[in-house]
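Novice: Please read through the structure below; I'll follow up with questions.
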Amino acid sequence: MQPWKQWPLAVVLLTSCCPCLWTQSDSCFVRALKDQAANKAKAPVRRPAASAPNAAGVDELRDLVAAQQKQLDSQAEQLKQMKLQMQQLLEAAQAATAAAQKVQGTAEQAQLSAGASNDKLQALDGAMADLKTETNTAAQAMQASTKAIAELAHPTTLHYKGITLSPGGFLTADTIVRTRNENADVTSSFSLLPFDGVANSHLSEFRASARASRISLLLEGAAGNAKLTGYYELDFLAQAPTANQVQTNSFSPRQRQLWAQAAFSNGLTVTAGQYWSLLTTDRKGIANRAELIPNTVDGSYVVGYNFTRQTAFRVTENFNDRLWAAFELANPETNQPNASFVPANLFGFNNSPNAGSPNGSTLNFLSGSTNGFSTNLAPDLLGKLAWEPGWGHYELKALGRFFRDRINGQTNHAYGGGLGAAAILPVVAKKEDFIIEGLAGNGIGRYGAANGSDITLRPDGWIIPIHAIHIMSGLELHPRAKLDAYLYGGDEYYRRAAYVDPTNPAKPAGYGSSLVVNTNCQVEVVPAGGAACGAQNKNVWEVTGGVWYRAYKGPFGTLQYGAQYEFLHRSTWSGVGGAPQGSDSVVLSSFRYLLP
């Protein structure tokens with residue numbers, strides 16, 4: 001028999017044998033002793049015959065009775081303590097019996113239905129899981145409350161009529177040192193590097209500038225199942241009176257971005273305004289404000305980097321955060337900066353008679369520019385697929401362009417475009433990324449950082465899109481929490497498209513003609529009556545690297561320092577007098593305070 005089963009039996013036996021132990025009266029044993037003492041008192045005392053009363057015997061008997069009474073009192077106290085102990089023992093036994101019955105009942109119930117026991121265990125596991133979920137929910141709610149309290153103390157956003165406003169931007173003080181004078185601010189002129197031998201190639205350049213300082217405002221709200229976003233960003237790098245629409249709208253003040261967006265819960269996003277072109281590689285998916293923008297101090301970024309910031313309309317579809325597709329209509333502009341041959345009576349380009357003047361064009365009036373603007377037929381068409389299978393980010397891009405001019409009563413049309421690809425590979429997660437992108441096609445010059453020519457012309461005025469190849473690759477490193485480093489290299493190549501004027505075989509036509517006069521491209525002073533330099537770019541390339549160090553990053557913003565070195569080289573197609581070239585070494589630094 002189990003020990004816990006013996007307790008009830010022991011208690012029953014004990015209570016049956018000594019029922020008087022559990023009453024409030026004296027014990028049986030005490031009463032027996034008292035009765036015995038009483039009987040002794042009533043019994044006659046035998047005295048010795050014929051003798052007188054013995055006083056000593058009486059005293060002895062009295063002492064005996066007192067001693068017995070004292071003994072009885074001691075035994076009564078012991079019994080009282082024993083009764084108390086037995087009461088405690090009984091209570092413990094009853095509790096043990098109840099526990100045993102409960103265990104026995106549970107065991108019997110478990111034996112009757114093992115499946116029911118499993119169900120209870122599963123229910124218990126479910127209850128534990130629910131408790132864990134509730135605990136996590138409570139912890140998250142506490143964190144959210146803590147964050148809300150912190151934001152009330154140090155708000156990073158403002159709220160106005162249901163819209164969240166987040167100001168941003170940075171203040172910067174930049175320095176630029178060039179071995180050859182480009183007469184440029186923090187934005188280098190990649191395609192116009194001074195040729196060897198000219199005066200600027202013998203003059204270094206030092207400049208300090210705060211014009212790259214930036215102001216931005218992000219607006220966010222909701223309407224039904226759509227997230228609404230607006231974004232405005234400007235800097236002070238406007239270039240009036242040479243402002244144009246070729247790559248960015250460099251009007252004053254210079255609006256870098258100005259767009260509105262509606263993102264629906266089904267994955268569809270619609271964006272309209274001025275922003276980074278769809279041809280620009282993204283770091284994540286296809287999304288505004290997620291573009292791959294080189295970390296350079298140089299505001300022209302890197303040779304071979306593909307981008308524009310023009311007004312456009314975009315539709316994007318997100319397929320389960322792994323595949324994205326987008327289509328865009330963008331503002332066009334034909335870039336023809338150094339055409340070697342322009343027929344008479346040619347209309348349609350930025351250097352044509354109908355391109356406008358400061359007094360006759362609202363485009364020029366708004367920008368204060370003396371430049372002309374091309375007369376465009378249709379928007380640029382852009383498409384992109386982005387794929388993220390789990391490791392890396394991959395893109396396929398497509399570009400379609402339309403060109404038009406009019407000469408001698410005839411309108412000519414030409415079509416250009418290109419195909420591109422890009423990849424961002426996390427070589428070491430959160431520590432090192434390898435980047436590569438490229439674009440090849442005809443008439444794609446305006447989309448390269450070196451801003452090459454889009455088209456050239458045959459002697460009859462027919463439009464010829466120039467074949468070009470752009471490529472950029474790099475490493476972005478994050479060795480420490482406060483330190484970022486980068487290394488980029490890029491190249492832009494423009495193919496020769498040379499023609500001969502049938503009316504004058506000695507006159508160059510097209511792009512890269514060997515008849516172009518390059519004699520005075522590498523002299524400090526062009527002789528009186530000498531021909532101006534007509535060299536046209538064949539290749540522009542760059543290697544650059546730098547670091548950013550964040551001295552402070554916290555609730556009051558970020559204070560960081562950046563330093564960059566870049567080496568640039570420019571070569572041209574050979575003509576009369578050779579193939580001039582030029583190079584430049586540039587060191588840039590930047591002290592920036594970024595708003596929190």
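Naming works like this for the structure tokens: A, B, ... for the chains as they're shown, residue 1 at the start of each chain, ligands 1 onward in shown order.
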What's the 6 Å shell around A:Lys227, counting only C-alpha atoms, without same-chain residues fewer than 5 positions away, as a PyMOL selection string?
Specialist: chain A and resi 222+262-263
Novice: List the neighbours of A:Thr456 out to 8 Å using only C-alpha atoms; skip same-chain residues closer than 5 positions along the sequence, and give me the result as a PyMOL selection string.
Specialist: chain A and resi 336+339+463-466+497+510-511
Novice: Residues near A:Leu192, anyone? I mean within 10 Å using only C-alpha atoms, not counting same-chain ones fewer than 6 positions away, as a ChimeraX atom specification.
Specialist: /A:182,450-451,537,540,570,582
Novice: Filtering to C-alpha atoms, could you give me those residues as a PDB file, in the first residue's frame?
Specialist:
ATOM      1  CA  GLU A 182      37.136  73.706 -64.625  1.00  0.00           C
ATOM      2  CA  ALA A 450      29.061  62.899 -68.516  1.00  0.00           C
ATOM      3  CA  ASN A 451      26.081  64.263 -70.459  1.00  0.00           C
ATOM      4  CA  ASN A 537      34.461  63.191 -77.161  1.00  0.00           C
ATOM      5  CA  VAL A 540      35.345  59.801 -70.659  1.00  0.00           C
ATOM      6  CA  ARG A 570      38.781  62.679 -71.416  1.00  0.00           C
ATOM      7  CA  GLY A 582      42.840  66.023 -70.851  1.00  0.00           C
TER       8      GLY A 582
END
Novice: Per DSSP on the backbone, what are the helix (DSSP H, G or I) residues of stretch 163-295 of chain A, as number ranges by chain?
Specialist: A: 190-192, 199-202
Novice: Can you tell me, as a PyMOL selection string, what residues are no more than 9 Å from A:Glu220 when counting only C-alpha atoms, ignoring any on the same chain fewer than 6 positions away?
Specialist: chain A and resi 162-166+227-231
Novice: Write a file of the selected residues as a PDB file, in the first residue's frame, keeping C-alpha atoms.
Specialist:
ATOM      1  CA  GLY A 162      -4.321  64.538 -40.915  1.00  0.00           C
ATOM      2  CA  ILE A 163      -1.037  64.930 -42.803  1.00  0.00           C
ATOM      3  CA  THR A 164       2.346  64.088 -41.332  1.00  0.00           C
ATOM      4  CA  LEU A 165       5.090  66.527 -42.322  1.00  0.00           C
ATOM      5  CA  SER A 166       8.751  65.540 -41.978  1.00  0.00           C
ATOM      6  CA  LYS A 227      -1.067  55.866 -48.844  1.00  0.00           C
ATOM      7  CA  LEU A 228      -0.528  59.391 -50.131  1.00  0.00           C
ATOM      8  CA  THR A 229       2.952  60.898 -50.285  1.00  0.00           C
ATOM      9  CA  GLY A 230       4.299  64.224 -51.415  1.00  0.00           C
ATOM     10  CA  TYR A 231       7.949  65.234 -51.527  1.00  0.00           C
TER      11      TYR A 231
END
Novice: Show me, as a ChimeraX atom specification, the residues that have an atom within 10 Å of stretch 378-391 of chain A when counting only C-alpha atoms, minus same-chain residues fewer than 6 positions from it.
Specialist: /A:277-286,312,314-319,321-333,397-404,416-427,429
Novice: What lies within 8 Å of A:Gln257 using only C-alpha atoms, ignoring chain neighbours under 3 positions off, as a tab-separated table (two decimals) with C-alpha atoms, in the first residue's frame?
Specialist:
chain	number	residue	atom	x	y	z
A	231	TYR	CA	7.95	65.23	-51.53
A	232	TYR	CA	9.78	68.48	-52.22
A	233	GLU	CA	13.55	68.87	-52.35
A	234	LEU	CA	15.66	71.82	-53.46
A	273	GLY	CA	6.08	65.12	-60.77
A	274	GLN	CA	9.83	65.62	-60.97
A	275	TYR	CA	12.00	62.86	-59.53
A	276	TRP	CA	14.87	60.49	-60.30
A	309	ARG	CA	15.64	64.26	-62.74
